[in-house]
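Novice: I'd like to ask some things about the structure below.
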Amino acid sequence: ILESSFDAIGDRVTEVAHNTKRVQVDMCDGLFVQSKTWPYSHIKTGRIEDNYHIIQLQAEEIGLPLWDSVEYQFDLMIKDPWRTIPTWAQVGATSVVIHPTSCESMEKVEESVKSAQSFLMDVYVAYTFDEWTAVKSNPETLKALTEILTTYQVKGFQSMTIKTIGIQGQDFDDRWADEFAFLHTQFPNLEIQLDGGISEDAEDDIQGVDSLVIGSGIFAEGNPTENLEYYKKLFS
């Protein structure tokens with residue numbers, strides 16, 4: 001779910017909540033990625049704590065839409081995620097996706113992971129294919145990442161299967177197809193999750209993964225409930 005308003009997020013969640021256990025909401029700050037989504041689209045100070053709905057959520061005056069029916073995963077496509085981890089926990093996220101390239105160092109990646117886990121949130125790390133290739137080619141970075149993933153028992157690895165993150169409606173990046181076996185070998189305890197460009201055309205390229213994040217394939221056109229059911233049957 002990639003929306004610029006809290007109400008629009010509620011509309012999307014309502015369309016699929018009865019047929020899924022978890023929804024992923026993209027948090028885009030306009031800095032790490034070009035797009036801005038709620039709550040960044042409705043603040044002038046840059047501080048999400050100044051957003052009206054964030055204030056209400058923290059005060060428990062309202063809850064996330066249908067919070068008692070679905071779990072919320074926030075994909076943090078934002079710079080310096082460690083700064084806002086406590087807020088995401090306070091408003092109701094049960095898990096977060098951290099993009100290591102949004103942090104200035106692996107130490108800050110570690111800080112973000114530790115902070116999220118201190119609030120009992122599951123943590124996923126995410127890379128585009130080009131980012132992941134750069135990590136694999138640098139033994140020092142790969143070692144640091146592996147230590148973080150294993151030491152803190154990170155829940156999952158999210159492959160960004162599109163080339164430009166923060167924008168829906170892109171084609172599946174099939175360069176990932178040969179990487180899933182390596183990921184399972186390198187990180188056998190991690191859930192492998194794919195995000196972006198998922199369609200029936202990608203069926204042969206996603207063997208051996210654990211979960212899929214689908215946005216435009218469900219919401220772009222047609223009936224979201226029927227689209228979700230279609231993909232669940234297709235990939236089950």
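Identifiers in the structure tokens: chain A, B, ... in order shown; residue index from 1 per chain; ligand index from 1 in order shown.
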Can you tell me, as a PyMOL selection string, which residues in range 49-128 of chain A count as strand (DSSP E) by DSSP?

Specialist: chain A and resi 71-77+95-98+122-128

Novice: Convert the current residue selection to file output with N, CA and C atoms, as a PDB file, in the first residue's frame.

Specialist:
```pdb
ATOM      1  N   GLU A  71      -2.112  -7.445  10.677  1.00  0.00           N
ATOM      2  CA  GLU A  71      -0.842  -6.931  11.166  1.00  0.00           C
ATOM      3  C   GLU A  71      -0.288  -5.944  10.145  1.00  0.00           C
ATOM      4  N   TYR A  72       0.418  -4.950  10.655  1.00  0.00           N
ATOM      5  CA  TYR A  72       0.994  -3.920   9.794  1.00  0.00           C
ATOM      6  C   TYR A  72       2.508  -4.056   9.726  1.00  0.00           C
ATOM      7  N   GLN A  73       2.995  -4.138   8.498  1.00  0.00           N
ATOM      8  CA  GLN A  73       4.429  -4.063   8.246  1.00  0.00           C
ATOM      9  C   GLN A  73       4.690  -2.736   7.534  1.00  0.00           C
ATOM     10  N   PHE A  74       5.618  -1.950   8.063  1.00  0.00           N
ATOM     11  CA  PHE A  74       5.978  -0.677   7.457  1.00  0.00           C
ATOM     12  C   PHE A  74       7.303  -0.834   6.726  1.00  0.00           C
ATOM     13  N   ASP A  75       7.290  -0.544   5.432  1.00  0.00           N
ATOM     14  CA  ASP A  75       8.502  -0.572   4.622  1.00  0.00           C
ATOM     15  C   ASP A  75       9.109   0.826   4.670  1.00  0.00           C
ATOM     16  N   LEU A  76      10.223   0.958   5.381  1.00  0.00           N
ATOM     17  CA  LEU A  76      10.793   2.268   5.682  1.00  0.00           C
ATOM     18  C   LEU A  76      11.744   2.721   4.578  1.00  0.00           C
ATOM     19  N   MET A  77      11.174   3.292   3.534  1.00  0.00           N
ATOM     20  CA  MET A  77      11.974   3.863   2.454  1.00  0.00           C
ATOM     21  C   MET A  77      12.270   5.320   2.795  1.00  0.00           C
ATOM     22  N   SER A  95       6.022  -5.129  12.349  1.00  0.00           N
ATOM     23  CA  SER A  95       7.303  -5.412  11.711  1.00  0.00           C
ATOM     24  C   SER A  95       7.682  -4.228  10.828  1.00  0.00           C
ATOM     25  N   VAL A  96       8.991  -4.102  10.575  1.00  0.00           N
ATOM     26  CA  VAL A  96       9.492  -3.039   9.710  1.00  0.00           C
ATOM     27  C   VAL A  96      10.492  -3.614   8.727  1.00  0.00           C
ATOM     28  N   VAL A  97      10.575  -2.967   7.573  1.00  0.00           N
ATOM     29  CA  VAL A  97      11.579  -3.294   6.568  1.00  0.00           C
ATOM     30  C   VAL A  97      12.584  -2.155   6.546  1.00  0.00           C
ATOM     31  N   ILE A  98      13.842  -2.489   6.762  1.00  0.00           N
ATOM     32  CA  ILE A  98      14.910  -1.498   6.792  1.00  0.00           C
ATOM     33  C   ILE A  98      15.778  -1.666   5.548  1.00  0.00           C
ATOM     34  N   ASP A 122       9.339  -7.395  14.420  1.00  0.00           N
ATOM     35  CA  ASP A 122      10.161  -8.195  13.528  1.00  0.00           C
ATOM     36  C   ASP A 122      10.844  -7.273  12.522  1.00  0.00           C
ATOM     37  N   VAL A 123      12.034  -7.679  12.072  1.00  0.00           N
ATOM     38  CA  VAL A 123      12.817  -6.842  11.174  1.00  0.00           C
ATOM     39  C   VAL A 123      13.148  -7.606   9.896  1.00  0.00           C
ATOM     40  N   TYR A 124      12.982  -6.913   8.771  1.00  0.00           N
ATOM     41  CA  TYR A 124      13.418  -7.397   7.467  1.00  0.00           C
ATOM     42  C   TYR A 124      14.416  -6.376   6.919  1.00  0.00           C
ATOM     43  N   VAL A 125      15.391  -6.846   6.160  1.00  0.00           N
ATOM     44  CA  VAL A 125      16.288  -5.932   5.457  1.00  0.00           C
ATOM     45  C   VAL A 125      16.013  -6.056   3.962  1.00  0.00           C
ATOM     46  N   ALA A 126      16.188  -4.956   3.241  1.00  0.00           N
ATOM     47  CA  ALA A 126      15.800  -4.937   1.829  1.00  0.00           C
ATOM     48  C   ALA A 126      16.897  -4.344   0.954  1.00  0.00           C
ATOM     49  N   TYR A 127      17.068  -4.952  -0.211  1.00  0.00           N
ATOM     50  CA  TYR A 127      18.014  -4.458  -1.205  1.00  0.00           C
ATOM     51  C   TYR A 127      17.405  -4.560  -2.595  1.00  0.00           C
ATOM     52  N   THR A 128      17.738  -3.598  -3.461  1.00  0.00           N
ATOM     53  CA  THR A 128      17.510  -3.792  -4.887  1.00  0.00           C
ATOM     54  C   THR A 128      18.597  -4.744  -5.389  1.00  0.00           C
TER      55      THR A 128
END
```

Novice: Can you tell me which residues surround range 38-49 of chain A at a distance of at most 6 Å, considering only C-alpha atoms, apart from same-chain residues fewer than 2 positions away, and format the answer as JSON, numbers by chain?

Specialist: {"A": [4, 5, 29, 36, 51]}

Novice: Emit the selected residues as a compact mmCIF listing (two decimals), in the first residue's frame, including N, CA and C atoms.

Specialist:
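result.txt written:
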```
# COMPACT_ATOMS: atom_id res chain seq x y z
N SER A 4 -0.83 8.56 -0.12
CA SER A 4 -0.41 9.85 0.42
C SER A 4 -1.27 10.32 1.58
N SER A 5 -2.34 9.60 1.91
CA SER A 5 -3.20 10.02 3.01
C SER A 5 -3.57 8.84 3.89
N ASP A 29 9.83 9.13 2.21
CA ASP A 29 10.06 10.46 2.75
C ASP A 29 10.41 11.52 1.72
N LYS A 36 6.68 10.73 -1.92
CA LYS A 36 6.30 10.95 -0.53
C LYS A 36 4.95 10.30 -0.28
N ASN A 51 2.62 15.08 12.52
CA ASN A 51 1.46 14.72 11.71
C ASN A 51 0.25 14.48 12.61
```

Novice: As an MDAnalysis selection string, please: every residue in range 22-204 of chain A that DSSP puts in alpha helix (DSSP H).

Specialist: chainID A and resid 52:58 85:91 106:118 129:136 139:151 180:186

Novice: When distances are computed from only C-alpha atoms, which of A:Ile85, A:Leu2, A:Leu149, A:Val16 shows the smallest separation from Ser115 in chain A?

Specialist: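 When distances to Ser115 in chain A are compared using only C-alpha atoms, the smallest one comes from A:Ile85.
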
Novice: Could you name the residues that touch Thr164 in chain A at 12 Å or less, counting only C-alpha atoms, but leaving out those on the same chain fewer than 4 positions away, as a list in words?

Specialist: Phe32, Val33, Gln34, Ser35, Met77, Tyr127, Thr128, Phe129, Asp130, Glu131, Met160, Gln168, Gly169, Gln170, Asp171, Phe172, Asp173, Asp195, Gly196 and Gly197 of chain A

Novice: Restricting the calculation to only C-alpha atoms, which member of A:Phe157, A:Asp178, A:Leu228, A:Thr20 is positioned closest to Gln193 in chain A?

Specialist: A:Phe157

Novice: To one decimal place in Å, what is the distance between CA of Thr146 in chain A and CA of Asp174 in chain A?

Specialist: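 Result for CA of Thr146 in chain A versus CA of Asp174 in chain A: 24.1 Å, one decimal.
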
Novice: May I ask which of the residues A:Val154, A:Val91, A:Leu145, A:Leu183 is the closest one to Val113 in chain A, counting only C-alpha atoms?

Specialist: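 Counting only C-alpha atoms, the residue closest to Val113 in chain A is A:Val154.
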
Novice: Near Lys232 in chain A, counting only C-alpha atoms, which residues have an atom at most 10 Å away, once you skip same-chain residues fewer than 5 positions from it, shown as a PyMOL selection string?

Specialist: chain A and resi 19-20+212+226-227

Novice: So, counting only C-alpha atoms, which residue among A:Thr14, A:Thr225, A:Thr84, A:Thr94 is closest to Leu66 in chain A?

Specialist: A:Thr14

Novice: One decimal, Å: what's the distance from CA of Asp210 in chain A over to CA of Thr141 in chain A, could you say?

Specialist: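 Computed distance, CA of Asp210 in chain A to CA of Thr141 in chain A, equals 25.1 Å.
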
Novice: So, counting only C-alpha atoms, which residue among A:Val135, A:Ile192, A:Ile162, A:Ala116 is closest to Arg83 in chain A?

Specialist: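 Looking at the shortest contact to Arg83 in chain A, the residue is A:Ala116.
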
Novice: Give me the residues near Trp82 in chain A as a list in words, where near means some atom within 8 Å (using only C-alpha atoms) and where sequence neighbours in that chain fewer than 5 positions away do not count.

Specialist: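 In the requested form, the answer reads Lys108, Val109, Glu111, Ser112 and Ser115 of chain A.
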
Novice: Ranking A:Thr161, A:Thr151, A:Asn138, A:Gln207 by minimum distance to Phe187 in chain A and counting only C-alpha atoms, which one comes first?

Specialist: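 Using only C-alpha atoms, the shortest distance to Phe187 in chain A belongs to A:Thr151.
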